[in-house]
Amino acid sequence: MSGEDIRASSFRSGCNCRGIDVHCHVVPARFPEVAGGHSVCGWPSMIAADDCHATVVIDDKPYRTVNNACWVAERRLAEMDRAGIQIQALSPMPELFGYWIETDAACDLVRYVNDSIATLVAEGRGRFVGLGGLPLQDIELSIKELHRIVGELGFSGVEIGSNINGVVIGDPRFHPFFAEAEKLGAAVFVHAVRPAGMDRLVGPAPLQQVLGYPTDVGLAAASVITGGLLQTFPKLRIAFSHGAGTFASLLPRLEQGYLAFPAVKDIMPEPPSAQARRLYVDSLVFDAETLRRLVAIFGEDRVLLGTDYPFNFREKEPVARIKEAFADASLLERLTFANAIAFLGLDEV
């Protein structure tokens, strides 16, 4: 049975009452040594913490301790059943993008992580799809890997960072990548990574995830609007993690700026509010009222269920959160399931 046949069977087994989670991460159980045996700044390794946990170490410093759901399919499947999730879209932990690693080593790391995702997809009995990483510090190599993961591994698309070494994704230098993603019909999921403004935060390191991530992904979404990405690539399917972060608050200002400043209007052929309704966003905002706001801004067909599984700072009851915000059955079906089918380019059955 092909992967598509297995996935279709999985949909038929419970598609109307199950969710599709577009925001789930993978960390391999181990990392290989760098090719050639030399040291590379930023290359990760794993140290076992106990039977179910391991610590990701980068440059001899602990980065994050994770549980084995990051690499064990059976554990993921059991927890998906409990949470009402039928399908997970698996993507790399953002620190594994490797944008800051020397190019050859970054390509090796990305390929290894993508192959690890492919292994989990194969073990998932049709309940996983892949969103791979790319070494976007090199566009040509990224396009090559994009073709491999879509054509050979059968992934639905890619996960990319909100910035690539400080360059926001709306910058025209990334247009060749987006052109190829559009051509291949690959979904693009944007996740915050190494956010700007960390020097403005007062408090412990986890505030990077709590406050830094939504700020950076909000600016990334704004750059897509102001950079004209959607006009250049009108068929591109692009989604933003964490409900597009601060973008929902930035949009009214951007709309007013479009009306007030000719220079702003000159770079946008249509109002920002209209363009925003061609973006997808996930539901990971931890608040029913904010979730209702996202649907009002982006549209009923553009909000996707997302959890940040399997990390501790995640939405643990995603379907219940959506039901708290909305009572209409047809809308619930779109937000939990149907919108993700469209974004991921899956066959509806």
# chains A, B, ... in the order shown; residues from 1 in each chain; ligands from 1
>>> closest_atom_pairs(of="range 191-257 of chain A", to="range 267-291 of chain A", cutoff="9 Å", atoms="only C-alpha atoms", output="JSON lines")
{"residue": "A:Ala221", "atom": "CA", "partner": "A:Leu279", "partner_atom": "CA", "distance": 8.4}
{"residue": "A:Ala222", "atom": "CA", "partner": "A:Pro272", "partner_atom": "CA", "distance": 8.9}
{"residue": "A:Ile225", "atom": "CA", "partner": "A:Pro272", "partner_atom": "CA", "distance": 6.4}
{"residue": "A:Thr226", "atom": "CA", "partner": "A:Met268", "partner_atom": "CA", "distance": 6.4}
{"residue": "A:Gly227", "atom": "CA", "partner": "A:Ile267", "partner_atom": "CA", "distance": 7.5}
{"residue": "A:Gly228", "atom": "CA", "partner": "A:Met268", "partner_atom": "CA", "distance": 6.6}
{"residue": "A:Leu230", "atom": "CA", "partner": "A:Gln275", "partner_atom": "CA", "distance": 7.4}
{"residue": "A:Gln231", "atom": "CA", "partner": "A:Pro269", "partner_atom": "CA", "distance": 8.2}
{"residue": "A:Pro234", "atom": "CA", "partner": "A:Arg278", "partner_atom": "CA", "distance": 8.8}
{"residue": "A:Arg237", "atom": "CA", "partner": "A:Leu279", "partner_atom": "CA", "distance": 7.4}
{"residue": "A:Ile238", "atom": "CA", "partner": "A:Leu279", "partner_atom": "CA", "distance": 6.0}
{"residue": "A:Ala239", "atom": "CA", "partner": "A:Tyr280", "partner_atom": "CA", "distance": 4.2}
{"residue": "A:Phe240", "atom": "CA", "partner": "A:Val281", "partner_atom": "CA", "distance": 4.7}
{"residue": "A:Ser241", "atom": "CA", "partner": "A:Asp282", "partner_atom": "CA", "distance": 5.4}
{"residue": "A:His242", "atom": "CA", "partner": "A:Leu284", "partner_atom": "CA", "distance": 4.8}
{"residue": "A:Gly243", "atom": "CA", "partner": "A:Asp282", "partner_atom": "CA", "distance": 4.8}
{"residue": "A:Ala244", "atom": "CA", "partner": "A:Val281", "partner_atom": "CA", "distance": 5.8}
{"residue": "A:Gly245", "atom": "CA", "partner": "A:Val285", "partner_atom": "CA", "distance": 8.1}
{"residue": "A:Leu251", "atom": "CA", "partner": "A:Ser273", "partner_atom": "CA", "distance": 6.9}
{"residue": "A:Pro252", "atom": "CA", "partner": "A:Ser273", "partner_atom": "CA", "distance": 7.9}
{"residue": "A:Leu254", "atom": "CA", "partner": "A:Pro272", "partner_atom": "CA", "distance": 6.7}
{"residue": "A:Glu255", "atom": "CA", "partner": "A:Pro272", "partner_atom": "CA", "distance": 5.7}
>>> select_by_dssp(residues="range 62-204 of chain A", states="strand (DSSP E)", output="JSON, numbers by chain")
{"A": [62, 63, 64, 65, 66, 67, 85, 86, 87, 88, 89, 90, 91, 92, 128, 129, 130, 131, 132, 157, 158, 159, 160, 161, 163, 164, 167, 168, 187, 188, 189, 190, 191]}
>>> closest_residue(among="A:Phe177, A:Phe189, A:Phe31, A:Trp43", to="Val217 in chain A", atoms="only C-alpha atoms")
A:Phe189
>>> residues_around(residues="Asp59 in chain A", least_positions_apart="5", cutoff="12 Å", atoms="only C-alpha atoms", output="ChimeraX atom specification")
/A:39-46,101
>>> closest_atom_pairs(of="range 280-318 of chain A", to="range 61-80 of chain A", cutoff="12 Å", atoms="only C-alpha atoms", output="JSON lines")
{"residue": "A:Thr307", "atom": "CA", "partner": "A:Met80", "partner_atom": "CA", "distance": 11.0}
{"residue": "A:Asp308", "atom": "CA", "partner": "A:Cys70", "partner_atom": "CA", "distance": 11.3}
{"residue": "A:Tyr309", "atom": "CA", "partner": "A:Cys70", "partner_atom": "CA", "distance": 8.6}
{"residue": "A:Pro310", "atom": "CA", "partner": "A:Ala69", "partner_atom": "CA", "distance": 6.4}
{"residue": "A:Phe311", "atom": "CA", "partner": "A:Val66", "partner_atom": "CA", "distance": 7.0}
{"residue": "A:Asn312", "atom": "CA", "partner": "A:Val66", "partner_atom": "CA", "distance": 8.7}
{"residue": "A:Phe313", "atom": "CA", "partner": "A:Val66", "partner_atom": "CA", "distance": 11.5}
{"residue": "A:Lys316", "atom": "CA", "partner": "A:Glu79", "partner_atom": "CA", "distance": 9.9}
{"residue": "A:Glu317", "atom": "CA", "partner": "A:Met80", "partner_atom": "CA", "distance": 10.5}
{"residue": "A:Pro318", "atom": "CA", "partner": "A:Met80", "partner_atom": "CA", "distance": 10.7}
>>> select_by_dssp(residues="range 243-324 of chain A", states="alpha helix (DSSP H)", output="PyMOL selection string")
chain A and resi 247-260+262-266+272-276+288-298+318-324
>>> closest_residue(among="A:Ile149, A:Ala89, A:Ala106, A:Ile58", to="Asp21 in chain A", atoms="only C-alpha atoms")
A:Ala89
